[in-house]
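The data block below is protein-v3.cif; it holds mmCIF, C-alpha atoms and all ligand atoms.
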```
data_my_file
#
loop_
_atom_site.label_atom_id
_atom_site.label_comp_id
_atom_site.auth_asym_id
_atom_site.auth_seq_id
_atom_site.Cartn_x
_atom_site.Cartn_y
_atom_site.Cartn_z
CA MET A 1 7.65 -8.79 -49.97
CA GLU A 2 10.06 -6.40 -51.61
CA LYS A 3 12.07 -4.67 -48.93
CA SER A 4 12.55 -0.98 -49.51
CA SER A 5 15.34 -0.59 -52.02
CA ASP A 6 18.80 0.54 -51.03
CA PHE A 7 18.36 3.57 -53.20
CA MET A 8 15.16 4.61 -51.42
CA LEU A 9 16.81 4.05 -48.08
CA TYR A 10 19.75 6.15 -49.18
CA GLY A 11 17.36 8.94 -50.19
CA ARG A 12 15.83 8.92 -46.72
CA ILE A 13 19.30 9.01 -45.16
CA GLN A 14 20.09 12.10 -47.19
CA ARG A 15 17.01 13.67 -45.62
CA GLN A 16 18.54 12.83 -42.22
CA ASP A 17 16.15 10.02 -41.38
CA LYS A 18 17.85 8.16 -38.52
CA ALA A 19 15.59 5.12 -38.81
CA ALA A 20 16.71 4.73 -42.43
CA LEU A 21 20.37 4.81 -41.45
CA GLU A 22 19.67 2.19 -38.82
CA GLU A 23 17.88 0.00 -41.36
CA LEU A 24 20.79 0.29 -43.76
CA TYR A 25 23.15 -0.49 -40.91
CA ASP A 26 21.22 -3.64 -40.03
CA ARG A 27 21.14 -4.68 -43.67
CA TYR A 28 24.90 -4.42 -44.27
CA GLU A 29 26.53 -4.64 -40.84
CA LYS A 30 27.60 -8.24 -41.16
CA ILE A 31 28.93 -8.27 -44.71
CA LEU A 32 30.71 -4.93 -44.21
CA PHE A 33 32.22 -5.99 -40.90
CA SER A 34 33.36 -9.35 -42.29
CA PHE A 35 34.81 -7.65 -45.37
CA LEU A 36 36.60 -5.04 -43.26
CA VAL A 37 38.04 -7.70 -40.95
CA LYS A 38 39.33 -9.58 -43.98
CA MET A 39 41.00 -6.40 -45.18
CA THR A 40 42.40 -5.10 -41.90
CA GLU A 41 42.85 -8.41 -40.02
CA ASP A 42 41.99 -6.38 -36.94
CA PRO A 43 38.43 -6.31 -35.55
CA ASP A 44 39.04 -3.01 -33.73
CA LEU A 45 40.27 -1.33 -36.87
CA ALA A 46 37.37 -2.89 -38.78
CA GLU A 47 34.93 -1.32 -36.32
CA GLU A 48 36.65 2.03 -36.70
CA ALA A 49 36.37 1.73 -40.47
CA LEU A 50 32.72 0.73 -40.28
CA GLN A 51 31.98 3.75 -38.12
CA GLU A 52 33.73 5.99 -40.64
CA VAL A 53 31.61 4.49 -43.44
CA PHE A 54 28.40 5.36 -41.62
CA ILE A 55 29.63 8.83 -40.71
CA LYS A 56 30.27 9.42 -44.41
CA LEU A 57 26.84 8.09 -45.31
CA TRP A 58 25.17 10.26 -42.69
CA ARG A 59 26.99 13.39 -43.77
CA GLY A 60 26.21 12.68 -47.42
CA LYS A 61 29.87 12.79 -48.42
CA GLY A 62 30.58 11.26 -51.80
CA GLU A 63 27.07 11.18 -53.16
CA TYR A 64 25.59 8.10 -54.70
CA ASP A 65 23.23 8.11 -57.64
CA GLU A 66 22.07 5.28 -59.81
CA SER A 67 24.36 6.26 -62.67
CA LYS A 68 27.23 5.02 -60.47
CA GLY A 69 26.03 1.43 -60.75
CA LYS A 70 24.64 -0.80 -58.04
CA PHE A 71 24.39 0.70 -54.57
CA THR A 72 26.34 -2.21 -53.04
CA SER A 73 29.23 -1.69 -55.47
CA TRP A 74 29.39 1.94 -54.42
CA LEU A 75 29.03 1.16 -50.71
CA PHE A 76 31.63 -1.63 -50.69
CA THR A 77 34.07 0.46 -52.73
CA MET A 78 33.68 3.34 -50.27
CA ALA A 79 34.22 0.95 -47.34
CA ARG A 80 37.31 -0.51 -49.02
CA ASN A 81 38.84 2.92 -49.48
CA VAL A 82 38.14 3.84 -45.86
CA ALA A 83 39.86 0.62 -44.78
CA ILE A 84 42.87 1.25 -47.04
CA ASP A 85 43.27 4.71 -45.49
CA LEU A 86 43.18 3.28 -41.98
CA ILE A 87 45.53 0.42 -42.85
CA ARG A 88 48.09 2.88 -44.20
CA LYS A 89 47.82 5.12 -41.14
CA ARG A 90 48.04 2.23 -38.73
CA LYS A 91 51.16 2.20 -36.65
CA LYS A 92 51.33 -1.56 -36.42
CA PRO A 93 53.73 -3.12 -38.89
CA SER A 94 51.88 -4.65 -41.77
CA VAL A 95 51.55 -8.38 -41.98
CA PRO A 96 54.66 -10.08 -43.34
CA LEU A 97 54.31 -10.69 -47.02
CA GLU A 98 54.44 -14.48 -46.69
CA GLU A 99 51.39 -14.25 -44.44
CA VAL A 100 49.04 -12.26 -46.59
CA GLY A 101 46.98 -15.41 -46.93
CA ASP A 102 45.02 -16.86 -49.77
CA LEU A 103 42.16 -15.19 -51.50
CA VAL A 104 39.93 -18.14 -50.68
CA ASN A 105 40.01 -20.05 -47.46
CA THR A 106 38.70 -23.39 -48.62
CA ASP A 107 38.36 -25.09 -45.25
CA SER A 108 35.73 -22.67 -44.01
CA SER A 109 32.29 -23.76 -42.99
CA VAL A 110 29.49 -21.50 -44.09
CA GLU A 111 26.60 -23.95 -43.86
CA GLU A 112 24.82 -21.96 -41.21
CA LEU A 113 24.89 -18.74 -43.18
CA ALA A 114 22.31 -19.35 -45.83
CA GLU A 115 21.81 -15.70 -46.57
CA TRP A 116 25.16 -15.25 -48.23
CA GLN A 117 26.20 -18.84 -48.69
CA GLU A 118 25.05 -18.98 -52.26
CA GLN A 119 26.72 -15.74 -53.22
CA LYS A 120 29.91 -16.83 -51.48
CA GLU A 121 29.94 -20.22 -53.18
CA GLN A 122 29.44 -18.65 -56.57
CA ILE A 123 32.27 -16.19 -56.23
CA GLU A 124 34.56 -18.82 -54.70
CA THR A 125 33.86 -21.12 -57.63
CA ALA A 126 34.61 -18.27 -60.00
CA VAL A 127 37.87 -17.51 -58.17
CA GLN A 128 39.01 -21.14 -58.59
CA GLU A 129 38.86 -20.65 -62.34
CA LEU A 130 41.53 -17.94 -62.16
CA SER A 131 45.23 -18.68 -62.36
CA ASP A 132 47.19 -18.51 -59.09
CA ASP A 133 48.76 -15.27 -60.25
CA GLN A 134 45.40 -13.71 -60.95
CA GLN A 135 44.05 -14.79 -57.57
CA LYS A 136 47.09 -13.27 -55.91
CA MET A 137 46.61 -10.05 -57.85
CA ILE A 138 43.04 -9.68 -56.57
CA GLN A 139 44.06 -10.54 -53.01
CA LEU A 140 46.91 -8.01 -52.98
CA PHE A 141 45.07 -5.24 -54.78
CA TYR A 142 41.49 -5.60 -53.69
CA PHE A 143 41.66 -7.02 -50.17
CA LYS A 144 45.09 -5.90 -48.99
CA GLY A 145 44.97 -2.51 -50.67
CA TYR A 146 48.68 -2.62 -51.49
CA THR A 147 50.21 0.06 -53.63
CA HIS A 148 51.19 -0.75 -57.20
CA GLU A 149 54.85 -0.55 -56.14
CA THR A 150 54.37 -3.15 -53.42
CA ILE A 151 52.46 -5.44 -55.75
CA ALA A 152 55.18 -5.13 -58.39
CA GLY A 153 57.75 -6.05 -55.72
CA ILE A 154 55.85 -9.03 -54.36
CA CYS A 155 54.99 -10.44 -57.76
CA GLY A 156 58.33 -9.58 -59.38
CA ILE A 157 56.69 -7.81 -62.30
CA PRO A 158 57.40 -4.40 -63.86
CA LEU A 159 55.53 -1.54 -62.18
CA GLY A 160 54.09 -0.46 -65.52
CA THR A 161 52.21 -3.73 -65.94
CA VAL A 162 50.54 -3.85 -62.52
CA LYS A 163 47.43 -1.92 -63.46
CA SER A 164 46.67 -3.90 -66.55
CA ARG A 165 47.20 -7.18 -64.69
CA ILE A 166 44.82 -6.10 -61.95
CA ARG A 167 42.27 -5.11 -64.54
CA LEU A 168 42.60 -8.36 -66.44
CA ALA A 169 42.26 -10.42 -63.26
CA LEU A 170 39.09 -8.54 -62.30
CA LYS A 171 37.70 -8.85 -65.79
CA LYS A 172 38.39 -12.56 -65.89
CA LEU A 173 36.77 -13.02 -62.48
CA LYS A 174 33.64 -11.17 -63.52
CA LYS A 175 33.42 -13.34 -66.64
CA SER A 176 33.87 -16.54 -64.63
CA LEU A 177 31.29 -15.39 -62.10
CA HIS A 178 28.86 -14.67 -64.85
CA GLY A 179 29.42 -18.20 -66.16
CA VAL A 180 28.92 -19.70 -62.70
CA GLN A 181 25.70 -17.76 -62.23
CA GLU A 182 24.37 -18.86 -65.62
CA ARG A 183 25.12 -22.50 -64.80
CA GLY A 184 23.45 -22.03 -61.41
CA ALA A 185 20.35 -20.65 -63.08
CA ILE A 186 20.21 -23.65 -65.43
CA ASP A 187 20.66 -26.12 -62.54
CA ASP A 188 17.71 -24.54 -60.77
CA MET B 1 43.59 16.01 -68.48
CA THR B 2 44.78 12.44 -68.72
CA LYS B 3 43.63 10.30 -71.56
CA ILE B 4 41.01 8.06 -70.03
CA ASP B 5 41.08 4.41 -70.89
CA CYS B 6 40.05 1.11 -69.33
CA GLU B 7 43.11 0.93 -67.07
CA HIS B 8 41.72 3.85 -65.11
CA VAL B 9 39.13 1.51 -63.64
CA VAL B 10 41.82 0.57 -61.12
CA ASP B 11 42.28 4.20 -60.05
CA TYR B 12 38.52 4.63 -60.06
CA LEU B 13 38.14 1.78 -57.57
CA ASN B 14 40.93 3.23 -55.43
CA GLY B 15 39.27 6.64 -55.43
CA THR B 16 42.47 8.28 -56.66
CA LEU B 17 41.19 10.02 -59.82
CA THR B 18 41.14 13.82 -59.85
CA ASP B 19 37.68 15.38 -60.12
CA GLU B 20 38.21 16.05 -63.77
CA ASP B 21 39.42 12.54 -64.55
CA LEU B 22 36.66 11.08 -62.39
CA HIS B 23 34.09 12.90 -64.46
CA ALA B 24 35.72 11.70 -67.66
CA PHE B 25 35.85 8.13 -66.38
CA GLU B 26 32.17 8.23 -65.43
CA GLU B 27 31.47 9.18 -69.04
CA HIS B 28 33.68 6.30 -70.17
CA LEU B 29 31.68 3.93 -67.94
CA LYS B 30 28.52 4.76 -69.82
CA THR B 31 29.95 3.38 -73.03
CA CYS B 32 32.32 0.63 -71.80
CA ALA B 33 30.65 -2.61 -70.77
CA ASP B 34 33.99 -4.11 -69.62
CA CYS B 35 34.56 -1.39 -67.05
CA ARG B 36 30.95 -1.41 -65.92
CA GLN B 37 31.24 -5.14 -65.25
CA ILE B 38 34.37 -4.67 -63.20
CA VAL B 39 32.67 -1.98 -61.13
CA GLU B 40 29.69 -4.27 -60.68
CA LEU B 41 31.98 -7.06 -59.49
CA THR B 42 32.91 -4.96 -56.47
CA GLY B 43 29.35 -5.49 -55.23
CA GLU B 44 30.14 -9.22 -54.96
CA LEU B 45 33.84 -9.50 -54.09
CA PRO B 46 33.33 -8.80 -50.35
CA TYR B 47 31.37 -12.05 -50.11
CA LEU B 48 34.71 -13.85 -50.31
CA ALA B 49 35.21 -12.80 -46.68
CA GLU B 50 34.60 -15.31 -43.92
CA PRO B 51 31.32 -14.39 -42.25
CA ILE B 52 32.09 -12.91 -38.85
CA GLU B 53 29.54 -12.25 -36.14
CA PRO B 54 29.62 -8.53 -35.35
CA PRO B 55 30.75 -7.81 -31.75
CA ILE B 56 28.03 -7.22 -29.19
CA GLY B 57 27.38 -3.55 -28.69
CA MET B 58 29.05 -2.45 -31.91
CA LYS B 59 25.80 -1.21 -33.41
CA ALA B 60 25.02 0.96 -30.39
CA ARG B 61 28.58 2.35 -30.31
CA ILE B 62 28.65 3.16 -33.99
CA LEU B 63 25.18 4.69 -34.29
CA THR B 64 25.71 6.75 -31.15
CA ASN B 65 29.03 8.03 -32.45
CA VAL B 66 27.62 8.75 -35.90
CA PHE B 67 24.83 10.87 -34.47
CA GLU B 68 27.21 12.57 -32.01
CA GLU B 69 29.64 13.28 -34.82
CA GLU B 70 26.80 15.18 -36.44
CA VAL B 71 26.56 17.47 -33.42
CA LYS B 72 30.26 18.26 -33.59
CA GLU B 73 30.04 18.84 -37.34
CA LYS B 74 27.15 21.22 -36.87
CA LEU B 75 28.98 23.05 -34.14
CA GLN B 76 32.15 23.32 -36.13
CA SER B 77 30.34 24.58 -39.20
CA GLU B 78 28.40 27.29 -37.31
CA PRO B 79 30.17 30.61 -37.24
CA LYS B 80 31.99 30.84 -33.95
CA PRO B 81 30.10 33.23 -31.71
CA LYS B 82 33.12 34.30 -29.78
CA PRO B 83 36.43 32.55 -29.30
CA LYS B 84 36.16 30.21 -26.35
CA PRO B 85 39.04 30.09 -23.90
CA ALA B 86 41.62 27.61 -25.02
CA THR B 87 40.43 25.10 -22.45
CA VAL B 88 38.14 23.31 -24.91
CA PRO B 89 40.31 20.51 -26.24
CA VAL B 90 40.29 19.64 -29.90
CA ILE B 91 38.50 16.36 -30.36
CA LYS B 92 40.03 13.92 -32.74
CA PRO B 93 37.41 12.13 -34.86
CA LYS B 94 38.42 8.88 -33.19
CA ALA B 95 35.22 9.05 -31.19
CA LYS B 96 35.13 5.41 -30.17
CA ARG B 97 34.13 5.02 -26.54
CA ASN B 98 34.93 8.65 -26.01
CA TRP B 99 32.95 9.62 -22.94
CA TRP B 100 33.81 13.25 -23.23
CA THR B 101 32.36 13.96 -26.62
CA PRO B 102 28.80 14.79 -25.58
CA LEU B 103 29.90 17.05 -22.76
CA ILE B 104 32.33 18.98 -24.87
CA ALA B 105 29.68 19.31 -27.55
CA ALA B 106 27.36 20.65 -24.88
CA VAL B 107 29.97 23.12 -23.69
CA LEU B 108 30.42 24.42 -27.21
CA LEU B 109 26.70 24.55 -27.63
CA MET B 110 26.24 26.66 -24.54
CA SER B 111 28.13 29.43 -26.25
CA LEU B 112 25.82 29.15 -29.22
CA ILE B 113 22.77 29.27 -27.01
CA GLY B 114 24.21 32.31 -25.38
CA ASN B 115 24.19 33.82 -28.81
CA ALA B 116 20.68 32.74 -29.62
CA TYR B 117 19.55 34.15 -26.30
CA ALA B 118 21.26 37.46 -26.97
CA PHE B 119 19.54 37.57 -30.31
CA LEU B 120 16.23 36.93 -28.63
CA LYS B 121 16.76 39.85 -26.28
CA LEU B 122 17.79 42.16 -29.08
CA SER B 123 14.78 41.37 -31.16
CA ASP B 124 12.40 41.58 -28.22
CA GLN B 125 10.19 44.12 -29.90
CA GLN B 126 9.71 42.27 -33.13
CA GLU B 127 8.35 38.86 -33.91
CA PRO B 128 11.18 36.72 -32.55
CA GLU B 129 12.62 34.30 -35.10
CA THR B 130 14.54 32.56 -32.40
CA ALA B 131 12.75 31.33 -29.32
CA LEU B 132 14.29 29.68 -26.34
CA ARG B 133 12.55 27.66 -23.72
CA GLU B 134 14.14 26.04 -20.70
CA VAL B 135 12.62 23.43 -18.40
CA ASP B 136 13.90 21.53 -15.39
CA LEU B 137 13.60 17.77 -15.65
CA GLN B 138 12.20 15.96 -12.63
CA PRO B 139 13.56 12.58 -11.55
CA SER B 140 11.09 9.69 -11.40
CA GLU B 141 10.63 7.83 -8.14
CA ALA B 142 13.53 5.52 -7.39
CA PHE B 143 15.83 7.57 -9.59
CA ASN B 144 18.37 10.19 -8.74
CA GLY B 145 19.70 12.86 -10.97
CA THR B 146 18.85 16.28 -12.27
CA GLY B 147 18.57 17.69 -15.71
CA GLN B 148 17.58 20.58 -17.85
CA ALA B 149 16.20 20.73 -21.36
CA ARG B 150 16.45 23.69 -23.66
CA LEU B 151 14.27 23.94 -26.71
CA ILE B 152 15.47 26.38 -29.30
CA ARG B 153 13.28 27.29 -32.21
CA GLU B 154 15.19 28.84 -35.04
CA ASP B 155 14.48 29.12 -38.76
CA GLY B 156 11.65 26.63 -38.54
CA ALA B 157 13.79 23.98 -36.84
CA LEU B 158 13.51 22.84 -33.27
CA ASP B 159 16.75 22.07 -31.45
CA VAL B 160 16.62 20.12 -28.23
CA VAL B 161 19.56 20.26 -25.84
CA VAL B 162 19.54 18.17 -22.70
CA SER B 163 22.10 18.23 -19.95
CA THR B 164 22.01 16.01 -16.90
CA ALA B 165 23.94 15.33 -13.71
CA GLY B 166 23.90 12.65 -11.05
CA LEU B 167 22.70 9.85 -13.28
CA GLU B 168 23.58 6.26 -12.48
CA ASP B 169 26.27 4.46 -14.48
CA LEU B 170 25.07 2.43 -17.43
CA GLN B 171 25.77 -1.26 -17.86
CA GLY B 172 26.69 -3.03 -21.08
CA ASP B 173 24.84 -1.60 -24.08
CA GLU B 174 22.53 0.60 -22.03
CA ILE B 175 22.05 4.19 -23.02
CA TYR B 176 20.07 7.19 -21.81
CA GLN B 177 17.59 8.10 -24.50
CA VAL B 178 15.75 11.41 -24.82
CA TRP B 179 12.15 11.38 -26.13
CA LEU B 180 9.69 14.02 -27.19
CA LEU B 181 6.04 13.10 -26.70
CA LYS B 182 2.88 14.39 -28.25
CA GLU B 183 -0.33 13.00 -26.72
CA GLY B 184 1.57 9.98 -25.44
CA GLN B 185 3.31 9.22 -28.76
CA PRO B 186 7.11 9.33 -28.41
CA ILE B 187 9.85 10.00 -30.92
CA PRO B 188 13.55 9.54 -30.11
CA ALA B 189 15.34 12.86 -29.70
CA GLY B 190 18.98 12.15 -28.92
CA ALA B 191 20.88 9.74 -26.71
CA PHE B 192 23.89 9.88 -24.47
CA SER B 193 26.08 8.01 -22.01
CA PRO B 194 27.11 9.88 -18.89
CA ASN B 195 30.78 10.51 -18.20
CA PRO B 196 32.40 8.91 -15.13
CA ASP B 197 31.14 11.84 -13.04
CA GLY B 198 27.55 11.01 -13.98
CA GLU B 199 27.11 14.02 -16.25
CA GLY B 200 25.68 13.74 -19.72
CA ALA B 201 24.42 15.85 -22.58
CA ALA B 202 22.54 15.31 -25.80
CA TYR B 203 21.61 17.44 -28.75
CA PHE B 204 18.89 16.82 -31.32
CA SER B 205 17.48 18.87 -34.16
CA LEU B 206 14.01 18.48 -35.64
CA LYS B 207 13.44 20.00 -39.04
CA GLU B 208 9.83 18.89 -39.47
CA ASN B 209 6.97 18.37 -37.10
CA THR B 210 8.36 20.87 -34.65
CA GLU B 211 5.05 21.92 -33.04
CA GLY B 212 2.86 20.55 -30.31
CA TRP B 213 5.28 18.50 -28.17
CA ASP B 214 3.82 18.29 -24.68
CA THR B 215 6.38 16.21 -22.77
CA ILE B 216 10.10 15.51 -22.74
CA ALA B 217 11.42 12.39 -21.06
CA ILE B 218 14.67 10.49 -20.62
CA THR B 219 14.61 6.71 -20.32
CA ARG B 220 17.30 4.22 -19.53
CA GLU B 221 17.24 1.94 -22.59
CA PRO B 222 18.78 -1.54 -22.82
CA ASN B 223 20.40 -0.53 -26.12
CA ALA B 224 20.70 2.40 -28.50
CA GLY B 225 18.57 2.99 -31.53
CA ASN B 226 15.14 2.01 -30.20
CA GLN B 227 12.32 3.79 -31.95
CA SER B 228 9.98 3.51 -28.96
CA PRO B 229 10.92 3.35 -25.27
CA GLN B 230 11.67 -0.01 -23.68
CA GLY B 231 13.23 1.19 -20.44
CA ASN B 232 12.02 3.17 -17.44
CA ILE B 233 11.65 6.94 -17.36
CA VAL B 234 14.47 8.51 -15.36
CA LEU B 235 13.81 12.22 -15.84
CA SER B 236 10.90 14.06 -17.42
CA SER B 237 8.97 17.29 -17.64
CA GLU B 238 5.90 18.73 -19.24
CA LEU B 239 6.55 21.30 -21.91
ZN ZN C 301 36.66 0.69 -70.19
#
```

So that I can check it, write out the structure of this file as structure tokens.
Ligand SMILES: [Zn+2]
Amino acid sequence: MEKSSDFMLYGRIQRQDKAALEELYDRYEKILFSFLVKMTEDPDLAEEALQEVFIKLWRGKGEYDESKGKFTSWLFTMARNVAIDLIRKRKKPSVPLEEVGDLVNTDSSVEELAEWQEQKEQIETAVQELSDDQQKMIQLFYFKGYTHETIAGICGIPLGTVKSRIRLALKKLKKSLHGVQERGAIDD
Amino acid sequence: MTKIDCEHVVDYLNGTLTDEDLHAFEEHLKTCADCRQIVELTGELPYLAEPIEPPIGMKARILTNVFEEEVKEKLQSEPKPKPKPATVPVIKPKAKRNWWTPLIAAVLLMSLIGNAYAFLKLSDQQEPETALREVDLQPSEAFNGTGQARLIREDGALDVVVSTAGLEDLQGDEIYQVWLLKEGQPIPAGAFSPNPDGEGAAYFSLKENTEGWDTIAITREPNAGNQSPQGNIVLSSEL
């Protein structure tokens, strides 16, 4: 059975339907929380960010419509920006640069999580097709939310080239992912 | 205005474009498949995160705070009836596990009700647009505590304000949930956790279906967000 679409749910939330907000919460709690923990490396801060995301949704700040692309892209981008704000305000010193970690943690076990296992495997496979530099670019920009200045410093590249490198890394990843998904469809 | 090109997708994702540039970039998105694909990728990138089990009780905390935040927003956006004495502290939005939020909201609300009540008196002669009704809530057997509910009808909406005292402490994820009932059918109408002194308050606004409620009740629920009662009735009254 087709569950009610995100867009329909969002419409009900705009009409202040609490049950709809709860349904959306249940639908995305785990992926959002996991994503926010990866970004903040702090479960308390991740919870604070998640709360802020749902406050924004409930108040109808930053309206979504279908011309803005997929609902999940919009929701995850909003969550990422909330997390970046909180990370920058956080008093705690940021993680030392050597410890920012890898984009992909290959020794993870996700067997028990069928619901996103396939999606995770696909994007991990796609990430492996990127160069180390491109992987690092996505990790520093997308997940760590570092400023262009910081990224230029870490990677030892001119500030003026940071944006285009980020864009190229994302573009390459999307292309690889598309390839992985096509191959997956053929294997099925 | 900046010249918009594909590199702005990075600023778009960071939410740092000005309104004008944002609008221009959204136009660019319509015609640029490359940028659209990058935006679409952000719906999949979070799946690189290690799956983490959400902490127990997080859902109840967050939903309670989200709906409480709404009360504060509403109160802050209403015109101030009359400056309150400076004893009402400013609440930072960091509402996590903030026991005081509902009470302070209730305190602020009292001044609004005062206003609504004054309005009611003034317009005594005419068809009142604002109506106020107040009932005492009776504790169920085996429960202590007292409470009052105020139902305010204004501009077609029904606002329900509950304040309580002497309620038992909650354990774990438990929450006190307010319900409105019509012929035995309940709908949730606000929830609260009492402060360490056992006092609590909740506010709820109904925009539709405002007529015909015959009972108000408060139950002690095992968790927040239930759409029908699972716990015992603590306080209640006919309306
Ligand atoms: Zn473009």

Original post:
Can I get the residues close to ligand ZN 301 (chain C) as a VMD selection string, where close means within 8 Å and we count all atoms listed in the file?
Top reply: chain B and resid 5 to 9 28 to 29 31 to 36

**OP:** With a distance cut-off of 12 Å and only C-alpha atoms, select the neighbouring residues of range 138-146 of chain B, excluding the residue or stretch itself and same-chain residues fewer than 6 positions from it, and output the selection as an MDAnalysis selection string.
**Re:** chainID B and resid 162:169 194 197:201 215:220 232:238

Original post:
Using only C-alpha atoms, which of the listed residues (B:Leu158, B:Ile152, B:Ile175, B:Leu206) sits closest to chain A?
Top reply: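 Result for the nearest residue to chain A: B:Leu206.
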
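The protein and nucleic acid residues lying at most 10 Å from Tyr64 in chain A are Phe7, Tyr10, Gly11, Leu57, Gly60, Lys61, Ser67, Lys68, Gly69, Lys70, Phe71, Trp74 and Leu75 of chain A, with all atoms listed in the file considered and sequence neighbours fewer than 3 positions away removed.
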
Original post:
For Val162 in chain A, which of B:Val10, B:Leu17, B:Ala224, B:Leu137 is the closest residue, counting only C-alpha atoms?
Top reply: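 Answer, going by the shortest atom-to-atom distance: B:Val10.
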
Subject >> Distance query 6 Å from (21.9, 6.5, -42.4) using all atoms listed in the file, result as a PyMOL selection string >> reply: chain A and resi 13+18+20-21+57-58

Print the selection's residues with C-alpha atoms to a file, as a short mmCIF file (atom, residue, chain, number, x, y, z; two decimals), keeping the file's coordinate frame.
```cif
data_model
loop_
_atom_site.label_atom_id
_atom_site.label_comp_id
_atom_site.auth_asym_id
_atom_site.auth_seq_id
_atom_site.Cartn_x
_atom_site.Cartn_y
_atom_site.Cartn_z
CA ILE A 13 19.30 9.01 -45.16
CA LYS A 18 17.85 8.16 -38.52
CA ALA A 20 16.71 4.73 -42.43
CA LEU A 21 20.37 4.81 -41.45
CA LEU A 57 26.84 8.09 -45.31
CA TRP A 58 25.17 10.26 -42.69
#
```

Original post:
Taking all atoms listed in the file into account, which residues of chain B are within 9 Å of chain A, as JSON, numbers by chain?
Top reply: {"B": [6, 7, 8, 9, 10, 11, 13, 14, 15, 26, 29, 30, 34, 35, 36, 37, 38, 39, 40, 41, 42, 43, 44, 45, 46, 47, 48, 49, 50, 51, 52, 53, 54, 55, 58, 59, 61, 62, 63, 65, 66, 67, 69, 70, 73, 94, 96, 225, 227]}

Original post:
So how many Å separate CA of Val160 in chain B and CA of Phe204 in chain B, to one decimal?
Top reply: 5.1 Å

Subject >> Atomic distance CA of Ser205 in chain B - CA of Leu180 in chain B, expressed in Å with one decimal >> reply: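 Interatomic distance here is 11.5 Å.
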
Reconstructed N, CA, C and O atoms for range 222-232 of chain B, given as a PDB file, keeping the file's coordinate frame:
```pdb
ATOM      1  N   PRO B 222      17.827  -0.419 -22.807  1.00  0.00           N
ATOM      2  CA  PRO B 222      18.780  -1.540 -22.820  1.00  0.00           C
ATOM      3  C   PRO B 222      19.796  -1.443 -23.952  1.00  0.00           C
ATOM      4  O   PRO B 222      20.864  -2.043 -23.903  1.00  0.00           O
ATOM      5  N   ASN B 223      19.460  -0.694 -25.007  1.00  0.00           N
ATOM      6  CA  ASN B 223      20.400  -0.530 -26.120  1.00  0.00           C
ATOM      7  C   ASN B 223      20.044   0.743 -26.870  1.00  0.00           C
ATOM      8  O   ASN B 223      18.959   1.292 -26.694  1.00  0.00           O
ATOM      9  N   ALA B 224      20.947   1.180 -27.728  1.00  0.00           N
ATOM     10  CA  ALA B 224      20.700   2.400 -28.500  1.00  0.00           C
ATOM     11  C   ALA B 224      19.842   2.085 -29.705  1.00  0.00           C
ATOM     12  O   ALA B 224      19.750   0.935 -30.131  1.00  0.00           O
ATOM     13  N   GLY B 225      19.235   3.104 -30.231  1.00  0.00           N
ATOM     14  CA  GLY B 225      18.570   2.990 -31.530  1.00  0.00           C
ATOM     15  C   GLY B 225      17.130   2.556 -31.473  1.00  0.00           C
ATOM     16  O   GLY B 225      16.519   2.343 -32.519  1.00  0.00           O
ATOM     17  N   ASN B 226      16.551   2.388 -30.259  1.00  0.00           N
ATOM     18  CA  ASN B 226      15.140   2.010 -30.200  1.00  0.00           C
ATOM     19  C   ASN B 226      14.270   3.158 -30.709  1.00  0.00           C
ATOM     20  O   ASN B 226      14.542   4.312 -30.455  1.00  0.00           O
ATOM     21  N   GLN B 227      13.210   2.774 -31.411  1.00  0.00           N
ATOM     22  CA  GLN B 227      12.320   3.790 -31.950  1.00  0.00           C
ATOM     23  C   GLN B 227      11.122   4.050 -31.027  1.00  0.00           C
ATOM     24  O   GLN B 227      10.350   4.982 -31.231  1.00  0.00           O
ATOM     25  N   SER B 228      10.935   3.204 -30.021  1.00  0.00           N
ATOM     26  CA  SER B 228       9.980   3.510 -28.960  1.00  0.00           C
ATOM     27  C   SER B 228      10.584   3.014 -27.652  1.00  0.00           C
ATOM     28  O   SER B 228      11.395   2.086 -27.653  1.00  0.00           O
ATOM     29  N   PRO B 229      10.213   3.649 -26.522  1.00  0.00           N
ATOM     30  CA  PRO B 229      10.920   3.350 -25.270  1.00  0.00           C
ATOM     31  C   PRO B 229      10.699   1.923 -24.778  1.00  0.00           C
ATOM     32  O   PRO B 229       9.584   1.418 -24.841  1.00  0.00           O
ATOM     33  N   GLN B 230      11.779   1.306 -24.303  1.00  0.00           N
ATOM     34  CA  GLN B 230      11.670  -0.010 -23.680  1.00  0.00           C
ATOM     35  C   GLN B 230      12.050   0.055 -22.198  1.00  0.00           C
ATOM     36  O   GLN B 230      11.707  -0.818 -21.433  1.00  0.00           O
ATOM     37  N   GLY B 231      12.768   1.102 -21.825  1.00  0.00           N
ATOM     38  CA  GLY B 231      13.230   1.190 -20.440  1.00  0.00           C
ATOM     39  C   GLY B 231      12.370   2.125 -19.606  1.00  0.00           C
ATOM     40  O   GLY B 231      11.346   2.643 -20.069  1.00  0.00           O
ATOM     41  N   ASN B 232      12.771   2.310 -18.360  1.00  0.00           N
ATOM     42  CA  ASN B 232      12.020   3.170 -17.440  1.00  0.00           C
ATOM     43  C   ASN B 232      12.383   4.642 -17.622  1.00  0.00           C
ATOM     44  O   ASN B 232      13.511   4.977 -17.983  1.00  0.00           O
TER      45      ASN B 232
END
```
